[in-house]
$ cat data_16.pdb   # PDB, C-alpha atoms, pLDDT in the B column
ATOM      1  CA  MET Y   1      16.122  51.780  46.895  1.00 46.00           C
ATOM      2  CA  VAL Y   2      15.793  49.749  50.095  1.00 44.00           C
ATOM      3  CA  GLY Y   3      14.240  52.631  52.004  1.00 45.00           C
ATOM      4  CA  LEU Y   4      11.517  53.371  49.467  1.00 50.00           C
ATOM      5  CA  THR Y   5       7.928  53.202  50.672  1.00 53.00           C
ATOM      6  CA  PRO Y   6       5.584  50.640  49.034  1.00 57.00           C
ATOM      7  CA  VAL Y   7       3.980  53.431  46.974  1.00 59.00           C
ATOM      8  CA  PHE Y   8       7.260  54.547  45.415  1.00 67.00           C
ATOM      9  CA  LYS Y   9       8.368  50.964  44.797  1.00 75.00           C
ATOM     10  CA  TRP Y  10       5.585  50.677  42.215  1.00 85.00           C
ATOM     11  CA  ILE Y  11       6.826  53.658  40.201  1.00 89.00           C
ATOM     12  CA  HIS Y  12       9.496  51.714  38.307  1.00 89.00           C
ATOM     13  CA  PRO Y  13       7.346  48.785  37.037  1.00 92.00           C
ATOM     14  CA  LEU Y  14       4.433  51.149  36.387  1.00 93.00           C
ATOM     15  CA  ALA Y  15       6.663  53.381  34.262  1.00 94.00           C
ATOM     16  CA  CYS Y  16       7.891  50.326  32.329  1.00 93.00           C
ATOM     17  CA  LEU Y  17       4.330  49.159  31.690  1.00 95.00           C
ATOM     18  CA  ILE Y  18       3.235  52.596  30.493  1.00 96.00           C
ATOM     19  CA  ALA Y  19       6.310  52.907  28.257  1.00 96.00           C
ATOM     20  CA  GLY Y  20       5.578  49.516  26.689  1.00 95.00           C
ATOM     21  CA  GLY Y  21       1.957  50.468  26.126  1.00 97.00           C
ATOM     22  CA  VAL Y  22       2.859  53.816  24.557  1.00 97.00           C
ATOM     23  CA  ALA Y  23       5.395  52.175  22.223  1.00 95.00           C
ATOM     24  CA  GLY Y  24       2.801  49.635  21.094  1.00 96.00           C
ATOM     25  CA  SER Y  25       0.229  52.389  20.716  1.00 97.00           C
ATOM     26  CA  LEU Y  26       2.515  54.313  18.356  1.00 97.00           C
ATOM     27  CA  ILE Y  27       2.951  51.249  16.147  1.00 95.00           C
ATOM     28  CA  GLY Y  28      -0.775  50.491  16.149  1.00 96.00           C
ATOM     29  CA  PHE Y  29      -1.591  54.112  15.348  1.00 97.00           C
ATOM     30  CA  SER Y  30       0.935  54.102  12.487  1.00 96.00           C
ATOM     31  CA  ILE Y  31      -0.712  51.055  10.912  1.00 96.00           C
ATOM     32  CA  ALA Y  32      -4.175  52.587  11.268  1.00 97.00           C
ATOM     33  CA  TYR Y  33      -2.996  55.939   9.886  1.00 96.00           C
ATOM     34  CA  LEU Y  34      -1.556  54.255   6.794  1.00 96.00           C
ATOM     35  CA  LYS Y  35      -4.900  52.508   6.365  1.00 95.00           C
ATOM     36  CA  VAL Y  36      -6.867  55.754   6.558  1.00 95.00           C
ATOM     37  CA  ARG Y  37      -4.449  58.013   4.691  1.00 95.00           C
ATOM     38  CA  PHE Y  38      -3.254  55.744   1.880  1.00 95.00           C
ATOM     39  CA  ASN Y  39      -5.736  52.828   2.072  1.00 93.00           C
ATOM     40  CA  ALA Y  40      -2.787  50.523   2.790  1.00 94.00           C
ATOM     41  CA  ASP Y  41      -3.762  46.993   3.733  1.00 93.00           C
ATOM     42  CA  GLU Y  42      -3.362  46.684   7.489  1.00 92.00           C
ATOM     43  CA  VAL Y  43      -2.274  43.048   7.280  1.00 88.00           C
ATOM     44  CA  VAL Y  44       0.596  43.874   4.915  1.00 93.00           C
ATOM     45  CA  THR Y  45       1.733  46.919   6.890  1.00 95.00           C
ATOM     46  CA  SER Y  46       1.547  44.968  10.158  1.00 92.00           C
ATOM     47  CA  ILE Y  47       3.756  42.206   8.779  1.00 89.00           C
ATOM     48  CA  MET Y  48       6.234  44.726   7.379  1.00 92.00           C
ATOM     49  CA  LEU Y  49       6.408  46.625  10.663  1.00 92.00           C
ATOM     50  CA  ASN Y  50       6.889  43.332  12.509  1.00 89.00           C
ATOM     51  CA  PHE Y  51      10.080  42.751  10.541  1.00 90.00           C
ATOM     52  CA  ALA Y  52      11.166  46.357  11.056  1.00 92.00           C
ATOM     53  CA  ALA Y  53      10.606  46.139  14.817  1.00 90.00           C
ATOM     54  CA  PHE Y  54      12.359  42.762  15.045  1.00 91.00           C
ATOM     55  CA  TYR Y  55      15.490  43.902  13.244  1.00 93.00           C
ATOM     56  CA  PHE Y  56      15.555  47.211  15.104  1.00 94.00           C
ATOM     57  CA  LEU Y  57      15.434  45.286  18.386  1.00 92.00           C
ATOM     58  CA  SER Y  58      18.175  42.969  17.128  1.00 94.00           C
ATOM     59  CA  LEU Y  59      20.295  46.016  16.282  1.00 95.00           C
ATOM     60  CA  LEU Y  60      19.854  47.417  19.785  1.00 94.00           C
ATOM     61  CA  LEU Y  61      20.714  44.083  21.399  1.00 95.00           C
ATOM     62  CA  GLN Y  62      23.809  43.774  19.232  1.00 94.00           C
ATOM     63  CA  THR Y  63      25.025  47.259  20.168  1.00 94.00           C
ATOM     64  CA  VAL Y  64      23.915  49.556  22.979  1.00 94.00           C
ATOM     65  CA  MET Y  65      21.796  47.016  24.893  1.00 94.00           C
ATOM     66  CA  ARG Y  66      24.194  44.071  24.677  1.00 94.00           C
ATOM     67  CA  ASN Y  67      24.850  42.404  28.030  1.00 93.00           C
ATOM     68  CA  PRO Y  68      28.406  43.447  28.986  1.00 92.00           C
ATOM     69  CA  HIS Y  69      28.804  40.520  31.394  1.00 91.00           C
ATOM     70  CA  THR Y  70      28.023  37.693  28.953  1.00 90.00           C
ATOM     71  CA  ASN Y  71      28.533  39.546  25.643  1.00 91.00           C
ATOM     72  CA  TRP Y  72      25.413  37.794  24.349  1.00 92.00           C
ATOM     73  CA  PRO Y  73      22.935  39.756  22.192  1.00 93.00           C
ATOM     74  CA  GLU Y  74      20.522  40.238  25.066  1.00 94.00           C
ATOM     75  CA  SER Y  75      19.934  42.910  27.665  1.00 94.00           C
ATOM     76  CA  GLU Y  76      21.065  42.757  31.260  1.00 94.00           C
ATOM     77  CA  TYR Y  77      18.648  41.301  33.779  1.00 94.00           C
ATOM     78  CA  LEU Y  78      16.364  43.910  35.255  1.00 92.00           C
ATOM     79  CA  PRO Y  79      16.701  44.878  38.927  1.00 90.00           C
ATOM     80  CA  ASP Y  80      14.242  43.270  41.319  1.00 88.00           C
ATOM     81  CA  LEU Y  81      12.639  46.650  41.932  1.00 87.00           C
ATOM     82  CA  SER Y  82      11.227  46.758  38.389  1.00 88.00           C
ATOM     83  CA  LEU Y  83       9.891  43.192  38.224  1.00 92.00           C
ATOM     84  CA  LEU Y  84       6.279  42.153  38.669  1.00 93.00           C
ATOM     85  CA  PRO Y  85       5.928  40.103  41.858  1.00 91.00           C
ATOM     86  CA  ASN Y  86       4.652  36.539  41.916  1.00 90.00           C
ATOM     87  CA  LEU Y  87       1.257  36.188  43.539  1.00 87.00           C
ATOM     88  CA  PHE Y  88       1.871  32.680  44.873  1.00 84.00           C
ATOM     89  CA  TRP Y  89       5.177  31.537  46.275  1.00 83.00           C
ATOM     90  CA  GLY Y  90       6.896  28.816  44.248  1.00 80.00           C
ATOM     91  CA  THR Y  91       4.885  29.534  41.086  1.00 80.00           C
ATOM     92  CA  ARG Y  92       5.263  31.806  38.042  1.00 82.00           C
ATOM     93  CA  PHE Y  93       1.765  33.240  38.512  1.00 88.00           C
ATOM     94  CA  HIS Y  94       2.774  36.891  38.507  1.00 92.00           C
ATOM     95  CA  LEU Y  95       0.809  40.103  38.873  1.00 92.00           C
ATOM     96  CA  GLY Y  96       0.634  40.632  35.106  1.00 92.00           C
ATOM     97  CA  ILE Y  97      -1.739  37.683  34.776  1.00 91.00           C
ATOM     98  CA  ALA Y  98      -4.076  39.341  37.269  1.00 92.00           C
ATOM     99  CA  PHE Y  99      -3.878  42.545  35.200  1.00 91.00           C
ATOM    100  CA  ALA Y 100      -4.949  40.599  32.116  1.00 92.00           C
ATOM    101  CA  PHE Y 101      -8.025  39.183  33.856  1.00 93.00           C
ATOM    102  CA  LEU Y 102      -8.927  42.614  35.246  1.00 94.00           C
ATOM    103  CA  LEU Y 103      -8.810  44.067  31.726  1.00 94.00           C
ATOM    104  CA  LEU Y 104     -11.494  41.647  30.511  1.00 95.00           C
ATOM    105  CA  PRO Y 105     -14.491  43.331  32.223  1.00 97.00           C
ATOM    106  CA  LEU Y 106     -13.073  46.759  31.339  1.00 96.00           C
ATOM    107  CA  MET Y 107     -12.814  45.924  27.631  1.00 95.00           C
ATOM    108  CA  ASP Y 108     -16.216  44.221  27.713  1.00 96.00           C
ATOM    109  CA  PHE Y 109     -17.718  47.401  29.162  1.00 96.00           C
ATOM    110  CA  ILE Y 110     -16.027  49.595  26.540  1.00 95.00           C
ATOM    111  CA  LEU Y 111     -17.053  47.417  23.590  1.00 93.00           C
ATOM    112  CA  ASN Y 112     -20.579  46.474  24.653  1.00 94.00           C
ATOM    113  CA  ARG Y 113     -21.832  49.298  26.883  1.00 94.00           C
ATOM    114  CA  THR Y 114     -20.486  52.493  25.337  1.00 96.00           C
ATOM    115  CA  VAL Y 115     -21.326  54.357  22.145  1.00 95.00           C
ATOM    116  CA  PHE Y 116     -17.689  54.175  21.059  1.00 95.00           C
ATOM    117  CA  GLY Y 117     -17.674  50.403  21.507  1.00 95.00           C
ATOM    118  CA  GLU Y 118     -20.870  49.926  19.531  1.00 94.00           C
ATOM    119  CA  GLU Y 119     -19.483  52.054  16.714  1.00 96.00           C
ATOM    120  CA  VAL Y 120     -16.198  50.128  16.746  1.00 95.00           C
ATOM    121  CA  THR Y 121     -18.109  46.850  16.487  1.00 92.00           C
ATOM    122  CA  ALA Y 122     -20.156  48.213  13.585  1.00 94.00           C
ATOM    123  CA  ILE Y 123     -16.981  49.336  11.793  1.00 94.00           C
ATOM    124  CA  GLY Y 124     -15.427  45.917  12.274  1.00 90.00           C
ATOM    125  CA  ILE Y 125     -18.458  44.129  10.843  1.00 88.00           C
ATOM    126  CA  ASN Y 126     -19.093  46.421   7.867  1.00 91.00           C
ATOM    127  CA  PRO Y 127     -17.234  49.744   7.584  1.00 92.00           C
ATOM    128  CA  LYS Y 128     -19.248  50.880   4.548  1.00 93.00           C
ATOM    129  CA  ALA Y 129     -22.558  50.353   6.320  1.00 94.00           C
ATOM    130  CA  ALA Y 130     -21.159  52.078   9.410  1.00 95.00           C
ATOM    131  CA  GLY Y 131     -20.179  55.096   7.315  1.00 94.00           C
ATOM    132  CA  MET Y 132     -23.655  55.260   5.796  1.00 94.00           C
ATOM    133  CA  ASN Y 133     -25.042  55.441   9.350  1.00 92.00           C
ATOM    134  CA  LYS Y 134     -22.948  58.580  10.008  1.00 93.00           C
ATOM    135  CA  ILE Y 135     -20.245  56.830  12.041  1.00 95.00           C
ATOM    136  CA  ASP Y 136     -16.858  58.533  11.716  1.00 95.00           C
ATOM    137  CA  VAL Y 137     -15.011  55.527  10.304  1.00 95.00           C
ATOM    138  CA  ARG Y 138     -11.851  57.431   9.348  1.00 95.00           C
ATOM    139  CA  GLY Y 139     -11.697  59.040  12.773  1.00 95.00           C
ATOM    140  CA  HIS Y 140     -12.271  55.825  14.713  1.00 96.00           C
ATOM    141  CA  ILE Y 141      -9.759  53.595  12.916  1.00 96.00           C
ATOM    142  CA  PRO Y 142      -6.667  55.410  14.316  1.00 97.00           C
ATOM    143  CA  LYS Y 143      -8.201  55.296  17.802  1.00 96.00           C
ATOM    144  CA  ILE Y 144      -8.801  51.561  17.437  1.00 96.00           C
ATOM    145  CA  GLY Y 145      -5.229  51.032  16.243  1.00 96.00           C
ATOM    146  CA  ALA Y 146      -3.799  53.061  19.111  1.00 97.00           C
ATOM    147  CA  LEU Y 147      -5.899  51.236  21.718  1.00 96.00           C
ATOM    148  CA  GLY Y 148      -5.087  47.793  20.323  1.00 94.00           C
ATOM    149  CA  GLY Y 149      -1.411  48.680  20.045  1.00 96.00           C
ATOM    150  CA  PHE Y 150      -1.385  49.911  23.646  1.00 97.00           C
ATOM    151  CA  LEU Y 151      -2.753  46.589  24.870  1.00 95.00           C
ATOM    152  CA  CYS Y 152      -0.179  44.683  22.781  1.00 94.00           C
ATOM    153  CA  GLY Y 153       2.664  46.825  24.103  1.00 95.00           C
ATOM    154  CA  LEU Y 154       1.362  46.382  27.630  1.00 95.00           C
ATOM    155  CA  GLY Y 155       1.360  42.622  27.101  1.00 94.00           C
ATOM    156  CA  GLY Y 156       4.943  42.744  25.866  1.00 94.00           C
ATOM    157  CA  ALA Y 157       6.031  44.743  28.913  1.00 95.00           C
ATOM    158  CA  VAL Y 158       4.307  42.241  31.198  1.00 95.00           C
ATOM    159  CA  GLU Y 159       6.118  39.410  29.402  1.00 93.00           C
ATOM    160  CA  VAL Y 160       9.484  41.050  30.102  1.00 95.00           C
ATOM    161  CA  LEU Y 161       8.788  42.188  33.668  1.00 95.00           C
ATOM    162  CA  GLY Y 162       6.912  39.099  34.798  1.00 94.00           C
ATOM    163  CA  VAL Y 163       8.452  36.146  32.938  1.00 92.00           C
ATOM    164  CA  HIS Y 164      11.844  36.660  31.279  1.00 93.00           C
ATOM    165  CA  HIS Y 165      13.186  39.581  33.339  1.00 94.00           C
ATOM    166  CA  HIS Y 166      15.434  40.594  30.440  1.00 94.00           C
ATOM    167  CA  LEU Y 167      15.059  41.301  26.738  1.00 93.00           C
ATOM    168  CA  THR Y 168      15.985  38.958  23.889  1.00 92.00           C
ATOM    169  CA  ALA Y 169      15.337  39.093  20.159  1.00 88.00           C
ATOM    170  CA  THR Y 170      13.191  35.937  20.232  1.00 85.00           C
ATOM    171  CA  ILE Y 171      10.943  36.953  23.100  1.00 86.00           C
ATOM    172  CA  SER Y 172       7.769  37.222  20.991  1.00 78.00           C
ATOM    173  CA  ALA Y 173       7.183  33.526  20.146  1.00 71.00           C
ATOM    174  CA  ASN Y 174       4.593  34.301  17.421  1.00 79.00           C
ATOM    175  CA  TYR Y 175       2.120  35.873  19.829  1.00 84.00           C
ATOM    176  CA  GLY Y 176       0.719  37.967  16.980  1.00 83.00           C
ATOM    177  CA  ILE Y 177      -0.267  34.838  15.056  1.00 83.00           C
ATOM    178  CA  PHE Y 178      -1.961  33.397  18.121  1.00 87.00           C
ATOM    179  CA  GLY Y 179      -3.745  36.725  18.554  1.00 87.00           C
ATOM    180  CA  VAL Y 180      -5.259  36.335  15.087  1.00 85.00           C
ATOM    181  CA  ILE Y 181      -6.419  32.823  15.975  1.00 87.00           C
ATOM    182  CA  ILE Y 182      -7.939  33.962  19.273  1.00 90.00           C
ATOM    183  CA  SER Y 183      -9.713  37.001  17.817  1.00 87.00           C
ATOM    184  CA  THR Y 184     -11.171  34.908  14.981  1.00 85.00           C
ATOM    185  CA  ALA Y 185     -12.292  31.997  17.112  1.00 88.00           C
ATOM    186  CA  SER Y 186     -13.709  34.114  19.953  1.00 89.00           C
ATOM    187  CA  ARG Y 187     -16.285  35.677  17.589  1.00 84.00           C
ATOM    188  CA  LEU Y 188     -16.124  39.219  19.056  1.00 81.00           C
ATOM    189  CA  SER Y 189     -16.532  37.941  22.621  1.00 91.00           C
ATOM    190  CA  VAL Y 190     -14.136  39.498  25.138  1.00 94.00           C
ATOM    191  CA  TYR Y 191     -14.569  36.718  27.675  1.00 95.00           C
ATOM    192  CA  GLY Y 192     -14.349  34.133  24.902  1.00 94.00           C
ATOM    193  CA  ALA Y 193     -11.011  35.633  23.883  1.00 94.00           C
ATOM    194  CA  GLY Y 194      -9.822  35.417  27.479  1.00 94.00           C
ATOM    195  CA  ALA Y 195     -10.869  31.780  27.837  1.00 94.00           C
ATOM    196  CA  LEU Y 196      -9.312  30.819  24.504  1.00 92.00           C
ATOM    197  CA  SER Y 197      -6.083  32.602  25.471  1.00 93.00           C
ATOM    198  CA  VAL Y 198      -5.828  30.458  28.587  1.00 93.00           C
ATOM    199  CA  LEU Y 199      -6.576  27.323  26.554  1.00 91.00           C
ATOM    200  CA  LEU Y 200      -3.913  28.044  23.931  1.00 90.00           C
ATOM    201  CA  SER Y 201      -1.357  28.949  26.594  1.00 89.00           C
ATOM    202  CA  LEU Y 202      -1.944  25.544  28.183  1.00 89.00           C
ATOM    203  CA  VAL Y 203      -1.550  23.909  24.770  1.00 88.00           C
ATOM    204  CA  ILE Y 204       1.712  25.745  24.019  1.00 84.00           C
ATOM    205  CA  ASN Y 205       3.301  25.069  27.399  1.00 82.00           C
ATOM    206  CA  GLY Y 206       1.948  21.533  27.473  1.00 85.00           C
ATOM    207  CA  ALA Y 207       3.523  20.831  24.084  1.00 83.00           C
ATOM    208  CA  SER Y 208       6.894  21.954  25.436  1.00 78.00           C
ATOM    209  CA  SER Y 209       6.551  19.553  28.363  1.00 80.00           C
ATOM    210  CA  LEU Y 210       5.525  16.708  26.061  1.00 81.00           C
ATOM    211  CA  THR Y 211       8.601  17.355  23.946  1.00 82.00           C
ATOM    212  CA  ARG Y 212      10.904  17.133  26.955  1.00 80.00           C
ATOM    213  CA  TYR Y 213       9.375  14.111  28.660  1.00 83.00           C
ATOM    214  CA  MET Y 214       7.670  12.083  25.902  1.00 82.00           C
ATOM    215  CA  GLN Y 215       9.642  13.055  22.778  1.00 81.00           C
ATOM    216  CA  ILE Y 216       6.494  14.336  21.059  1.00 81.00           C
ATOM    217  CA  PRO Y 217       7.235  17.045  18.438  1.00 83.00           C
ATOM    218  CA  SER Y 218       6.642  20.527  19.826  1.00 75.00           C
ATOM    219  CA  PHE Y 219       4.795  21.658  16.681  1.00 81.00           C
ATOM    220  CA  ILE Y 220       1.762  19.710  17.909  1.00 84.00           C
ATOM    221  CA  SER Y 221       0.695  23.015  19.503  1.00 82.00           C
ATOM    222  CA  ASP Y 222       0.772  24.676  16.067  1.00 84.00           C
ATOM    223  CA  VAL Y 223      -1.386  21.874  14.665  1.00 87.00           C
ATOM    224  CA  ILE Y 224      -3.967  22.283  17.434  1.00 86.00           C
ATOM    225  CA  SER Y 225      -3.971  26.075  17.024  1.00 84.00           C
ATOM    226  CA  ALA Y 226      -4.462  25.716  13.266  1.00 86.00           C
ATOM    227  CA  LEU Y 227      -7.384  23.338  13.826  1.00 89.00           C
ATOM    228  CA  VAL Y 228      -8.992  25.904  16.138  1.00 86.00           C
ATOM    229  CA  LEU Y 229      -8.628  28.600  13.471  1.00 84.00           C
ATOM    230  CA  ILE Y 230      -9.941  26.366  10.663  1.00 89.00           C
ATOM    231  CA  THR Y 231     -12.941  25.306  12.760  1.00 88.00           C
ATOM    232  CA  ALA Y 232     -13.766  28.924  13.599  1.00 84.00           C
ATOM    233  CA  ALA Y 233     -13.449  29.926   9.932  1.00 83.00           C
ATOM    234  CA  ILE Y 234     -15.771  27.107   8.855  1.00 85.00           C
ATOM    235  CA  PHE Y 235     -18.472  28.083  11.357  1.00 82.00           C
ATOM    236  CA  THR Y 236     -18.129  31.742  10.356  1.00 79.00           C
ATOM    237  CA  ALA Y 237     -18.592  30.820   6.693  1.00 79.00           C
ATOM    238  CA  LEU Y 238     -21.618  28.673   7.529  1.00 79.00           C
ATOM    239  CA  GLU Y 239     -23.208  31.606   9.336  1.00 76.00           C
ATOM    240  CA  LYS Y 240     -22.452  34.093   6.566  1.00 74.00           C
ATOM    241  CA  TYR Y 241     -23.476  31.913   3.648  1.00 74.00           C
ATOM    242  CA  GLU Y 242     -26.501  29.667   3.598  1.00 69.00           C
ATOM    243  CA  VAL Y 243     -25.443  26.154   2.676  1.00 65.00           C
ATOM    244  CA  VAL Y 244     -28.098  24.199   0.784  1.00 66.00           C
ATOM    245  CA  VAL Y 245     -27.688  20.480   0.188  1.00 66.00           C
ATOM    246  CA  GLU Y 246     -29.819  18.958  -2.571  1.00 71.00           C
ATOM    247  CA  TRP Y 247     -30.251  15.241  -3.039  1.00 72.00           C
ATOM    248  CA  ARG Y 248     -30.875  14.185  -6.598  1.00 70.00           C
ATOM    249  CA  ILE Y 249     -31.828  10.713  -7.677  1.00 65.00           C
TER
END
$ encode --input "data_16.pdb" --output "structure tokens"
Amino acid sequence: MVGLTPVFKWIHPLACLIAGGVAGSLIGFSIAYLKVRFNADEVVTSIMLNFAAFYFLSLLLQTVMRNPHTNWPESEYLPDLSLLPNLFWGTRFHLGIAFAFLLLPLMDFILNRTVFGEEVTAIGINPKAAGMNKIDVRGHIPKIGALGGFLCGLGGAVEVLGVHHHLTATISANYGIFGVIISTASRLSVYGAGALSVLLSLVINGASSLTRYMQIPSFISDVISALVLITAAIFTALEKYEVVVEWRI
């Protein structure tokens, strides 16, 4: 491995990232297929598959992927060749964060400057109206699920390769819940979702530091995240429904 050229050194992490994206894409496609084929509620199927994926991962970590050196239910640490490098020495700012910021203009272009993106937005706002305008709703939903699942799987692979460097059963940390908050509060804005992601990451990590140094309960981050979601829901309701206040004497 030492004699590999810089080009070949990227094969291992690139293969891991693609594998993570493909795995997430399969799950996202499965949820979307159940929605189209059986009209299954995507929220319910997502939650059920979350439990299935969690316990399947736990099974792997308890058996074939268990660390033989520590005998803990976790995988071995990955070799340095497969890890994402840090961009700044002495920090945890790794290459995966740069990937995330580079994806923002790409997703903005897809959603706002392509026919597929405009149709996806129309389906998200009102699928019945989109179908009446001859948009292939049933054909697009699996594509949307596969694309969203790929991005989620890619994010999970980045989390392993760039932060933890090994796999544990509790690696997720409720990222799916925070994704719901971010997508709701960003109001269909790609750059808004990116900015809110950075904000919530600062809140989550800041809450951990406050717990260690100032004895403040760590769930303060959950409270702040919930307030963000409630505020976004209130403004969405105010836009959708006209609120009339009448004063009677």
$ resolve_selection --input "data_16.pdb" --expression "the PyMOL selection byres ((chain Y and resi 120-131) around 12)" --output "VMD selection string"
chain Y and resid 108 110 to 119 132 to 145 147 to 148 183 187 to 189 240
$ closest_residue --input "data_16.pdb" --among "Y:Val22, Y:Leu104, Y:Ala32, Y:Ile97" --to "Glu159 (chain Y)" --atoms "all atoms listed in the file"
Y:Ile97
$ atom_distance --input "data_16.pdb" --atom1 "CA of Pro13 (chain Y)" --atom2 "CA of Leu87 (chain Y)"
15.4 Å
$ closest_residue --input "data_16.pdb" --among "Y:Thr170, Y:Ser25, Y:Asn50, Y:Thr91" --to "Glu74 (chain Y)" --atoms "only C-alpha atoms"
Y:Thr170
$ atom_distance --input "data_16.pdb" --atom1 "CA of Ile224 (chain Y)" --atom2 "CA of Ala207 (chain Y)"
10.1 Å
$ atom_distance --input "data_16.pdb" --atom1 "CA of Leu227 (chain Y)" --atom2 "CA of Ser209 (chain Y)"
20.5 Å
$ closest_residue --input "data_16.pdb" --among "Y:Leu229, Y:Leu161, Y:Cys16, Y:Leu59" --to "Gly179 (chain Y)" --atoms "all atoms listed in the file"
Y:Leu229
$ closest_residue --input "data_16.pdb" --among "Y:Ala15, Y:Ala233, Y:Ile204, Y:Ile181" --to "Phe219 (chain Y)" --atoms "all atoms listed in the file"
Y:Ile204
$ closest_residue --input "data_16.pdb" --among "Y:Met107, Y:Leu84, Y:Phe51, Y:Pro217" --to "Leu151 (chain Y)" --atoms "all atoms listed in the file"
Y:Met107
$ closest_residue --input "data_16.pdb" --among "Y:Val203, Y:Leu102, Y:Leu61, Y:Ile11" --to "Ser218 (chain Y)" --atoms "all atoms listed in the file"
Y:Val203
$ decode --input "data_16.pdb" --residues "region 151-163 of chain Y" --atoms "N, CA and C atoms" --output "compact mmCIF listing (two decimals), in the first residue's frame"
# COMPACT_ATOMS: atom_id res chain seq x y z
N LEU Y 151 -27.95 9.96 -1.00
CA LEU Y 151 -27.32 11.05 -0.25
C LEU Y 151 -27.21 10.70 1.23
N CYS Y 152 -28.24 10.05 1.78
CA CYS Y 152 -28.19 9.63 3.19
C CYS Y 152 -27.10 8.59 3.42
N GLY Y 153 -27.02 7.60 2.52
CA GLY Y 153 -25.97 6.60 2.64
C GLY Y 153 -24.59 7.19 2.48
N LEU Y 154 -24.47 8.16 1.58
CA LEU Y 154 -23.19 8.85 1.41
C LEU Y 154 -22.80 9.59 2.67
N GLY Y 155 -23.80 10.23 3.31
CA GLY Y 155 -23.53 10.92 4.57
C GLY Y 155 -23.09 9.96 5.66
N GLY Y 156 -23.71 8.78 5.72
CA GLY Y 156 -23.31 7.79 6.70
C GLY Y 156 -21.90 7.30 6.47
N ALA Y 157 -21.53 7.08 5.20
CA ALA Y 157 -20.16 6.65 4.89
C ALA Y 157 -19.15 7.73 5.27
N VAL Y 158 -19.49 8.98 5.02
CA VAL Y 158 -18.60 10.08 5.40
C VAL Y 158 -18.44 10.13 6.92
N GLU Y 159 -19.53 9.88 7.65
CA GLU Y 159 -19.46 9.87 9.11
C GLU Y 159 -18.48 8.81 9.61
N VAL Y 160 -18.49 7.64 8.99
CA VAL Y 160 -17.60 6.56 9.41
C VAL Y 160 -16.16 6.86 8.99
N LEU Y 161 -15.97 7.25 7.73
CA LEU Y 161 -14.62 7.43 7.20
C LEU Y 161 -13.95 8.71 7.70
N GLY Y 162 -14.75 9.72 8.04
CA GLY Y 162 -14.16 10.99 8.41
C GLY Y 162 -14.14 11.30 9.88
N VAL Y 163 -15.04 10.68 10.67
CA VAL Y 163 -15.17 11.04 12.08
C VAL Y 163 -14.81 9.88 13.01
